[in-house]
>>> print(open('start.cif').read())   # mmCIF, N, CA and C atoms
data_run
loop_
_atom_site.label_atom_id
_atom_site.label_comp_id
_atom_site.auth_asym_id
_atom_site.auth_seq_id
_atom_site.Cartn_x
_atom_site.Cartn_y
_atom_site.Cartn_z
N MET J 30 -5.39 -14.90 -3.09
CA MET J 30 -5.77 -16.28 -3.22
C MET J 30 -6.83 -16.41 -4.31
N ARG J 31 -6.71 -17.43 -5.14
CA ARG J 31 -7.63 -17.68 -6.23
C ARG J 31 -8.87 -18.41 -5.71
N LEU J 32 -10.03 -17.92 -6.10
CA LEU J 32 -11.28 -18.59 -5.73
C LEU J 32 -11.70 -19.49 -6.89
N HIS J 33 -12.07 -20.72 -6.59
CA HIS J 33 -12.54 -21.65 -7.60
C HIS J 33 -13.99 -21.35 -7.92
N ARG J 34 -14.39 -21.61 -9.18
CA ARG J 34 -15.71 -21.25 -9.68
C ARG J 34 -16.46 -22.53 -10.06
N PHE J 35 -17.73 -22.65 -9.62
CA PHE J 35 -18.52 -23.85 -9.84
C PHE J 35 -19.92 -23.50 -10.32
N PHE J 36 -20.47 -24.35 -11.20
CA PHE J 36 -21.84 -24.19 -11.69
C PHE J 36 -22.80 -24.98 -10.80
N LEU J 37 -23.93 -24.36 -10.45
CA LEU J 37 -24.99 -25.02 -9.69
C LEU J 37 -26.20 -25.22 -10.60
N ASN J 38 -26.85 -26.38 -10.49
CA ASN J 38 -28.04 -26.67 -11.28
C ASN J 38 -29.28 -25.96 -10.76
N THR J 39 -29.23 -25.42 -9.56
CA THR J 39 -30.37 -24.71 -8.98
C THR J 39 -30.03 -23.24 -8.82
N LEU J 40 -31.05 -22.42 -8.82
CA LEU J 40 -30.84 -20.98 -8.67
C LEU J 40 -30.49 -20.63 -7.23
N VAL J 41 -29.59 -19.68 -7.09
CA VAL J 41 -29.25 -19.16 -5.77
C VAL J 41 -30.33 -18.13 -5.45
N GLY J 42 -31.18 -18.45 -4.49
CA GLY J 42 -32.35 -17.62 -4.26
C GLY J 42 -32.31 -16.74 -3.03
N SER J 43 -31.36 -16.96 -2.14
CA SER J 43 -31.35 -16.18 -0.90
C SER J 43 -29.92 -16.03 -0.40
N ASP J 44 -29.78 -15.43 0.77
CA ASP J 44 -28.45 -15.21 1.35
C ASP J 44 -27.82 -16.49 1.86
N HIS J 45 -28.64 -17.51 2.18
CA HIS J 45 -28.16 -18.81 2.63
C HIS J 45 -28.86 -19.87 1.78
N PHE J 46 -28.13 -20.88 1.35
CA PHE J 46 -28.77 -21.92 0.56
C PHE J 46 -28.04 -23.24 0.76
N LEU J 47 -28.72 -24.33 0.37
CA LEU J 47 -28.17 -25.67 0.51
C LEU J 47 -27.81 -26.23 -0.85
N VAL J 48 -26.74 -27.02 -0.88
CA VAL J 48 -26.33 -27.75 -2.08
C VAL J 48 -26.32 -29.22 -1.72
N SER J 49 -26.99 -30.05 -2.53
CA SER J 49 -27.04 -31.48 -2.24
C SER J 49 -26.54 -32.34 -3.39
N ASP J 50 -25.86 -31.75 -4.36
CA ASP J 50 -25.28 -32.48 -5.49
C ASP J 50 -24.11 -33.32 -4.97
N VAL J 51 -24.28 -34.65 -4.96
CA VAL J 51 -23.30 -35.55 -4.36
C VAL J 51 -21.93 -35.43 -5.02
N GLY J 52 -21.90 -35.30 -6.34
CA GLY J 52 -20.63 -35.16 -7.05
C GLY J 52 -19.88 -33.89 -6.68
N LEU J 53 -20.62 -32.81 -6.59
CA LEU J 53 -20.02 -31.53 -6.21
C LEU J 53 -19.55 -31.56 -4.77
N LEU J 54 -20.34 -32.16 -3.88
CA LEU J 54 -19.94 -32.28 -2.47
C LEU J 54 -18.66 -33.10 -2.33
N HIS J 55 -18.58 -34.19 -3.09
CA HIS J 55 -17.36 -35.02 -3.07
C HIS J 55 -16.15 -34.20 -3.51
N GLN J 56 -16.32 -33.45 -4.59
CA GLN J 56 -15.22 -32.63 -5.09
C GLN J 56 -14.79 -31.59 -4.06
N TRP J 57 -15.75 -30.92 -3.44
CA TRP J 57 -15.43 -29.90 -2.45
C TRP J 57 -14.73 -30.48 -1.23
N ARG J 58 -15.23 -31.62 -0.73
CA ARG J 58 -14.69 -32.20 0.51
C ARG J 58 -13.39 -32.97 0.28
N ASN J 59 -13.36 -33.81 -0.77
CA ASN J 59 -12.26 -34.76 -0.92
C ASN J 59 -11.18 -34.34 -1.91
N VAL J 60 -11.54 -33.54 -2.90
CA VAL J 60 -10.54 -33.10 -3.89
C VAL J 60 -9.93 -31.77 -3.46
N PHE J 61 -10.78 -30.76 -3.26
CA PHE J 61 -10.28 -29.44 -2.85
C PHE J 61 -10.05 -29.34 -1.35
N ARG J 62 -10.68 -30.22 -0.58
CA ARG J 62 -10.55 -30.24 0.88
C ARG J 62 -10.96 -28.91 1.53
N PHE J 63 -12.07 -28.36 1.03
CA PHE J 63 -12.60 -27.14 1.61
C PHE J 63 -13.11 -27.42 3.01
N LYS J 64 -13.05 -26.43 3.86
CA LYS J 64 -13.54 -26.50 5.25
C LYS J 64 -14.52 -25.36 5.47
N GLU J 65 -15.17 -25.35 6.60
CA GLU J 65 -16.07 -24.25 6.95
C GLU J 65 -15.29 -22.94 6.91
N GLY J 66 -15.90 -21.92 6.32
CA GLY J 66 -15.25 -20.62 6.20
C GLY J 66 -14.56 -20.40 4.87
N ALA J 67 -14.27 -21.49 4.14
CA ALA J 67 -13.63 -21.36 2.83
C ALA J 67 -14.60 -20.68 1.87
N GLU J 68 -14.07 -19.96 0.89
CA GLU J 68 -14.92 -19.25 -0.06
C GLU J 68 -14.75 -19.81 -1.46
N VAL J 69 -15.85 -19.83 -2.22
CA VAL J 69 -15.87 -20.25 -3.61
C VAL J 69 -16.76 -19.28 -4.38
N ILE J 70 -16.68 -19.35 -5.69
CA ILE J 70 -17.58 -18.60 -6.55
C ILE J 70 -18.52 -19.62 -7.19
N VAL J 71 -19.81 -19.36 -7.12
CA VAL J 71 -20.79 -20.23 -7.78
C VAL J 71 -21.60 -19.38 -8.76
N PHE J 72 -22.06 -20.02 -9.84
CA PHE J 72 -22.95 -19.35 -10.78
C PHE J 72 -24.04 -20.33 -11.15
N ASP J 73 -25.20 -19.78 -11.50
CA ASP J 73 -26.37 -20.63 -11.70
C ASP J 73 -27.07 -20.39 -13.04
N GLY J 74 -26.43 -19.69 -13.95
CA GLY J 74 -27.04 -19.43 -15.25
C GLY J 74 -27.96 -18.23 -15.26
N SER J 75 -28.04 -17.50 -14.16
CA SER J 75 -28.92 -16.33 -14.07
C SER J 75 -28.25 -15.06 -14.56
N GLY J 76 -26.97 -15.14 -14.91
CA GLY J 76 -26.24 -13.95 -15.34
C GLY J 76 -25.41 -13.32 -14.23
N PHE J 77 -25.48 -13.87 -13.06
CA PHE J 77 -24.69 -13.38 -11.93
C PHE J 77 -23.82 -14.50 -11.40
N GLU J 78 -22.78 -14.12 -10.68
CA GLU J 78 -22.00 -15.08 -9.93
C GLU J 78 -21.99 -14.62 -8.48
N TYR J 79 -21.76 -15.57 -7.58
CA TYR J 79 -21.87 -15.31 -6.16
C TYR J 79 -20.61 -15.79 -5.45
N VAL J 80 -20.00 -14.92 -4.68
CA VAL J 80 -18.92 -15.33 -3.79
C VAL J 80 -19.61 -15.86 -2.54
N CYS J 81 -19.32 -17.10 -2.19
CA CYS J 81 -20.00 -17.75 -1.07
C CYS J 81 -19.00 -18.35 -0.10
N ALA J 82 -19.40 -18.40 1.16
CA ALA J 82 -18.59 -19.03 2.21
C ALA J 82 -19.33 -20.25 2.72
N PHE J 83 -18.58 -21.31 3.01
CA PHE J 83 -19.18 -22.52 3.55
C PHE J 83 -19.53 -22.32 5.02
N LEU J 84 -20.80 -22.54 5.37
CA LEU J 84 -21.22 -22.54 6.76
C LEU J 84 -21.08 -23.94 7.33
N SER J 85 -21.36 -24.95 6.48
CA SER J 85 -21.15 -26.35 6.85
C SER J 85 -20.93 -27.13 5.57
N LEU J 86 -20.22 -28.24 5.68
CA LEU J 86 -19.92 -29.06 4.51
C LEU J 86 -19.89 -30.52 4.94
N GLY J 87 -20.95 -31.23 4.61
CA GLY J 87 -21.06 -32.64 5.00
C GLY J 87 -21.14 -33.54 3.79
N LYS J 88 -21.36 -34.83 4.03
CA LYS J 88 -21.44 -35.81 2.95
C LYS J 88 -22.73 -35.67 2.14
N GLU J 89 -23.80 -35.22 2.77
CA GLU J 89 -25.09 -35.17 2.10
C GLU J 89 -25.53 -33.78 1.68
N GLU J 90 -24.98 -32.73 2.30
CA GLU J 90 -25.33 -31.38 1.91
C GLU J 90 -24.31 -30.37 2.43
N ALA J 91 -24.28 -29.24 1.74
CA ALA J 91 -23.44 -28.11 2.17
C ALA J 91 -24.35 -26.91 2.34
N ARG J 92 -24.08 -26.11 3.33
CA ARG J 92 -24.81 -24.87 3.55
C ARG J 92 -23.84 -23.73 3.26
N LEU J 93 -24.25 -22.86 2.34
CA LEU J 93 -23.41 -21.74 1.95
C LEU J 93 -24.10 -20.42 2.23
N SER J 94 -23.29 -19.40 2.46
CA SER J 94 -23.77 -18.06 2.70
C SER J 94 -23.23 -17.16 1.60
N VAL J 95 -24.09 -16.35 1.00
CA VAL J 95 -23.66 -15.44 -0.06
C VAL J 95 -22.94 -14.25 0.57
N VAL J 96 -21.70 -14.06 0.16
CA VAL J 96 -20.89 -12.93 0.63
C VAL J 96 -21.05 -11.75 -0.31
N GLU J 97 -21.12 -12.05 -1.62
CA GLU J 97 -21.20 -10.99 -2.62
C GLU J 97 -21.90 -11.51 -3.87
N LYS J 98 -22.80 -10.71 -4.43
CA LYS J 98 -23.44 -11.01 -5.72
C LYS J 98 -22.87 -10.03 -6.73
N ARG J 99 -22.40 -10.56 -7.88
CA ARG J 99 -21.79 -9.66 -8.86
C ARG J 99 -22.00 -10.19 -10.27
N GLU J 100 -21.81 -9.28 -11.22
CA GLU J 100 -21.84 -9.68 -12.62
C GLU J 100 -20.47 -10.25 -12.97
N PRO J 101 -20.43 -11.30 -13.79
CA PRO J 101 -19.12 -11.87 -14.16
C PRO J 101 -18.25 -10.81 -14.82
N ASN J 102 -16.96 -10.87 -14.52
CA ASN J 102 -16.03 -9.84 -15.02
C ASN J 102 -15.11 -10.39 -16.11
N PHE J 103 -15.64 -11.23 -16.98
CA PHE J 103 -14.84 -11.75 -18.06
C PHE J 103 -15.66 -11.72 -19.34
N LEU J 104 -14.96 -11.73 -20.46
CA LEU J 104 -15.61 -11.76 -21.76
C LEU J 104 -15.33 -13.12 -22.40
N PRO J 105 -16.33 -13.72 -23.02
CA PRO J 105 -16.09 -14.99 -23.70
C PRO J 105 -15.10 -14.85 -24.85
N LYS J 106 -14.31 -15.88 -25.08
CA LYS J 106 -13.37 -15.86 -26.21
C LYS J 106 -14.13 -16.10 -27.50
N ARG J 107 -13.68 -15.45 -28.56
CA ARG J 107 -14.33 -15.63 -29.88
C ARG J 107 -13.46 -16.44 -30.78
#
>>> encode(input="start.cif", output="structure tokens")
Amino acid sequence: MRLHRFFLNTLVGSDHFLVSDVGLLHQWRNVFRFKEGAEVIVFDGSGFEYVCAFLSLGKEEARLSVVEKREPNFLPKR
């Protein structure tokens, strides 16, 4: 299964974190229809990407748990 990748404006600082970006929450809930337990890849500009699972996903915030921290495995096109 393909995991979708999303950019976060805030740094992922711990094993559990909250996302309150209304546009991103709308996309996750209403476009992709993610549910609790679904996994996504997020990156925050720190040079790492994080495989995360949804612990909760509401209209005002989502709580995610970091499953894996890794370096991106792709090279930019030239």
>>> resolve_selection(input="start.cif", expression="the PyMOL selection byres ((chain J and resi 53-67) around 6)", output="list of chain:residue names")
J:Asp50, J:Val51, J:Gly52, J:Glu68, J:Val69, J:Cys81, J:Ala82, J:Phe83, J:Leu84, J:Ser85, J:Leu86
>>> residues_around(input="start.cif", residues="Val41 (chain J)", least_positions_apart="3", cutoff="8 Å", atoms="only N, CA and C atoms", output="PyMOL selection string")
chain J and resi 37-38+44-46+72-75
>>> select_by_dssp(input="start.cif", residues="chain J", states="strand (DSSP E or B)", output="ChimeraX atom specification")
/J:34-36,45-48,68-72,78-86,91-99
>>> atom_distance(input="start.cif", atom1="CA of Arg99 (chain J)", atom2="CA of Gly87 (chain J)")
26.8 Å
>>> resolve_selection(input="start.cif", expression="the PyMOL selection byres ((chain J and resi 101) around 8)", output="list in words")
Gly76, Phe77, Glu78, Tyr79, Lys98, Arg99, Glu100, Asn102, Phe103 and Leu104 of chain J
>>> select_by_dssp(input="start.cif", residues="chain J", states="alpha helix (DSSP H)", output="PyMOL selection string")
chain J and resi 51-55
>>> axis_aligned_box(input="start.cif", around="region 31-49 of chain J", padding_each_side="5 Å", output="AutoDock Vina command-line options")
--center_x -19.5 --center_y -23.8 --center_z -4.5 --size_x 35.6 --size_y 27.1 --size_z 24.3
>>> atom_distance(input="start.cif", atom1="atom N of Glu90 (chain J)", atom2="CA of Arg31 (chain J)")
24.5 Å
>>> atom_distance(input="start.cif", atom1="atom N of Phe35 (chain J)", atom2="CA of Val80 (chain J)")
9.4 Å
>>> residues_around(input="start.cif", residues="Leu47 (chain J)", least_positions_apart="3", cutoff="6 Å", atoms="only N, CA and C atoms", output="PyMOL selection string")
chain J and resi 91-93
>>> build_atoms(input="start.cif", residues="region 75-86 of chain J", atoms="all heavy atoms", output="PDB file, keeping the file's coordinate frame")
ATOM      1  N   SER J  75     -28.040 -17.500 -14.160  1.00  0.00           N
ATOM      2  CA  SER J  75     -28.920 -16.330 -14.070  1.00  0.00           C
ATOM      3  C   SER J  75     -28.250 -15.060 -14.560  1.00  0.00           C
ATOM      4  O   SER J  75     -28.884 -14.014 -14.597  1.00  0.00           O
ATOM      5  CB  SER J  75     -29.375 -16.136 -12.620  1.00  0.00           C
ATOM      6  OG  SER J  75     -28.268 -15.773 -11.802  1.00  0.00           O
ATOM      7  N   GLY J  76     -26.970 -15.140 -14.910  1.00  0.00           N
ATOM      8  CA  GLY J  76     -26.240 -13.950 -15.340  1.00  0.00           C
ATOM      9  C   GLY J  76     -25.410 -13.320 -14.230  1.00  0.00           C
ATOM     10  O   GLY J  76     -24.737 -12.326 -14.466  1.00  0.00           O
ATOM     11  N   PHE J  77     -25.480 -13.870 -13.060  1.00  0.00           N
ATOM     12  CA  PHE J  77     -24.690 -13.380 -11.930  1.00  0.00           C
ATOM     13  C   PHE J  77     -23.820 -14.500 -11.400  1.00  0.00           C
ATOM     14  O   PHE J  77     -24.086 -15.681 -11.621  1.00  0.00           O
ATOM     15  CB  PHE J  77     -25.603 -12.884 -10.801  1.00  0.00           C
ATOM     16  CG  PHE J  77     -26.394 -11.667 -11.153  1.00  0.00           C
ATOM     17  CD1 PHE J  77     -27.704 -11.784 -11.588  1.00  0.00           C
ATOM     18  CD2 PHE J  77     -25.826 -10.410 -11.069  1.00  0.00           C
ATOM     19  CE1 PHE J  77     -28.448 -10.673 -11.921  1.00  0.00           C
ATOM     20  CE2 PHE J  77     -26.561  -9.276 -11.405  1.00  0.00           C
ATOM     21  CZ  PHE J  77     -27.873  -9.412 -11.832  1.00  0.00           C
ATOM     22  N   GLU J  78     -22.780 -14.120 -10.680  1.00  0.00           N
ATOM     23  CA  GLU J  78     -22.000 -15.080  -9.930  1.00  0.00           C
ATOM     24  C   GLU J  78     -21.990 -14.620  -8.480  1.00  0.00           C
ATOM     25  O   GLU J  78     -22.208 -13.446  -8.190  1.00  0.00           O
ATOM     26  CB  GLU J  78     -20.584 -15.242 -10.492  1.00  0.00           C
ATOM     27  CG  GLU J  78     -19.731 -14.004 -10.468  1.00  0.00           C
ATOM     28  CD  GLU J  78     -18.367 -14.216 -11.117  1.00  0.00           C
ATOM     29  OE1 GLU J  78     -18.212 -15.138 -11.936  1.00  0.00           O
ATOM     30  OE2 GLU J  78     -17.457 -13.436 -10.800  1.00  0.00           O
ATOM     31  N   TYR J  79     -21.760 -15.570  -7.580  1.00  0.00           N
ATOM     32  CA  TYR J  79     -21.870 -15.310  -6.160  1.00  0.00           C
ATOM     33  C   TYR J  79     -20.610 -15.790  -5.450  1.00  0.00           C
ATOM     34  O   TYR J  79     -20.214 -16.943  -5.622  1.00  0.00           O
ATOM     35  CB  TYR J  79     -23.080 -16.052  -5.574  1.00  0.00           C
ATOM     36  CG  TYR J  79     -24.373 -15.737  -6.273  1.00  0.00           C
ATOM     37  CD1 TYR J  79     -24.761 -16.422  -7.416  1.00  0.00           C
ATOM     38  CD2 TYR J  79     -25.213 -14.741  -5.788  1.00  0.00           C
ATOM     39  CE1 TYR J  79     -25.951 -16.135  -8.064  1.00  0.00           C
ATOM     40  CE2 TYR J  79     -26.411 -14.440  -6.433  1.00  0.00           C
ATOM     41  CZ  TYR J  79     -26.766 -15.146  -7.574  1.00  0.00           C
ATOM     42  OH  TYR J  79     -27.939 -14.851  -8.209  1.00  0.00           O
ATOM     43  N   VAL J  80     -20.000 -14.920  -4.680  1.00  0.00           N
ATOM     44  CA  VAL J  80     -18.920 -15.330  -3.790  1.00  0.00           C
ATOM     45  C   VAL J  80     -19.610 -15.860  -2.540  1.00  0.00           C
ATOM     46  O   VAL J  80     -20.428 -15.152  -1.933  1.00  0.00           O
ATOM     47  CB  VAL J  80     -17.985 -14.155  -3.439  1.00  0.00           C
ATOM     48  CG1 VAL J  80     -16.909 -14.606  -2.470  1.00  0.00           C
ATOM     49  CG2 VAL J  80     -17.369 -13.562  -4.701  1.00  0.00           C
ATOM     50  N   CYS J  81     -19.320 -17.100  -2.190  1.00  0.00           N
ATOM     51  CA  CYS J  81     -20.000 -17.750  -1.070  1.00  0.00           C
ATOM     52  C   CYS J  81     -19.000 -18.350  -0.100  1.00  0.00           C
ATOM     53  O   CYS J  81     -17.919 -18.770  -0.495  1.00  0.00           O
ATOM     54  CB  CYS J  81     -20.905 -18.870  -1.585  1.00  0.00           C
ATOM     55  SG  CYS J  81     -22.209 -18.295  -2.667  1.00  0.00           S
ATOM     56  N   ALA J  82     -19.400 -18.400   1.160  1.00  0.00           N
ATOM     57  CA  ALA J  82     -18.590 -19.030   2.210  1.00  0.00           C
ATOM     58  C   ALA J  82     -19.330 -20.250   2.720  1.00  0.00           C
ATOM     59  O   ALA J  82     -20.559 -20.232   2.854  1.00  0.00           O
ATOM     60  CB  ALA J  82     -18.350 -18.047   3.351  1.00  0.00           C
ATOM     61  N   PHE J  83     -18.580 -21.310   3.010  1.00  0.00           N
ATOM     62  CA  PHE J  83     -19.180 -22.520   3.550  1.00  0.00           C
ATOM     63  C   PHE J  83     -19.530 -22.320   5.020  1.00  0.00           C
ATOM     64  O   PHE J  83     -18.664 -21.965   5.826  1.00  0.00           O
ATOM     65  CB  PHE J  83     -18.215 -23.707   3.442  1.00  0.00           C
ATOM     66  CG  PHE J  83     -18.040 -24.204   2.047  1.00  0.00           C
ATOM     67  CD1 PHE J  83     -16.932 -23.850   1.301  1.00  0.00           C
ATOM     68  CD2 PHE J  83     -18.989 -25.037   1.459  1.00  0.00           C
ATOM     69  CE1 PHE J  83     -16.760 -24.302   0.009  1.00  0.00           C
ATOM     70  CE2 PHE J  83     -18.832 -25.499   0.170  1.00  0.00           C
ATOM     71  CZ  PHE J  83     -17.712 -25.126  -0.567  1.00  0.00           C
ATOM     72  N   LEU J  84     -20.800 -22.540   5.370  1.00  0.00           N
ATOM     73  CA  LEU J  84     -21.220 -22.540   6.760  1.00  0.00           C
ATOM     74  C   LEU J  84     -21.080 -23.940   7.330  1.00  0.00           C
ATOM     75  O   LEU J  84     -20.748 -24.117   8.497  1.00  0.00           O
ATOM     76  CB  LEU J  84     -22.662 -22.063   6.881  1.00  0.00           C
ATOM     77  CG  LEU J  84     -22.923 -20.628   6.421  1.00  0.00           C
ATOM     78  CD1 LEU J  84     -24.403 -20.316   6.505  1.00  0.00           C
ATOM     79  CD2 LEU J  84     -22.116 -19.650   7.256  1.00  0.00           C
ATOM     80  N   SER J  85     -21.360 -24.950   6.480  1.00  0.00           N
ATOM     81  CA  SER J  85     -21.150 -26.350   6.850  1.00  0.00           C
ATOM     82  C   SER J  85     -20.930 -27.130   5.570  1.00  0.00           C
ATOM     83  O   SER J  85     -21.374 -26.720   4.487  1.00  0.00           O
ATOM     84  CB  SER J  85     -22.344 -26.910   7.624  1.00  0.00           C
ATOM     85  OG  SER J  85     -23.488 -26.933   6.812  1.00  0.00           O
ATOM     86  N   LEU J  86     -20.220 -28.240   5.680  1.00  0.00           N
ATOM     87  CA  LEU J  86     -19.920 -29.060   4.510  1.00  0.00           C
ATOM     88  C   LEU J  86     -19.890 -30.520   4.940  1.00  0.00           C
ATOM     89  O   LEU J  86     -18.940 -30.951   5.598  1.00  0.00           O
ATOM     90  CB  LEU J  86     -18.567 -28.632   3.916  1.00  0.00           C
ATOM     91  CG  LEU J  86     -18.082 -29.355   2.668  1.00  0.00           C
ATOM     92  CD1 LEU J  86     -19.104 -29.259   1.549  1.00  0.00           C
ATOM     93  CD2 LEU J  86     -16.756 -28.776   2.213  1.00  0.00           C
TER      94      LEU J  86
END
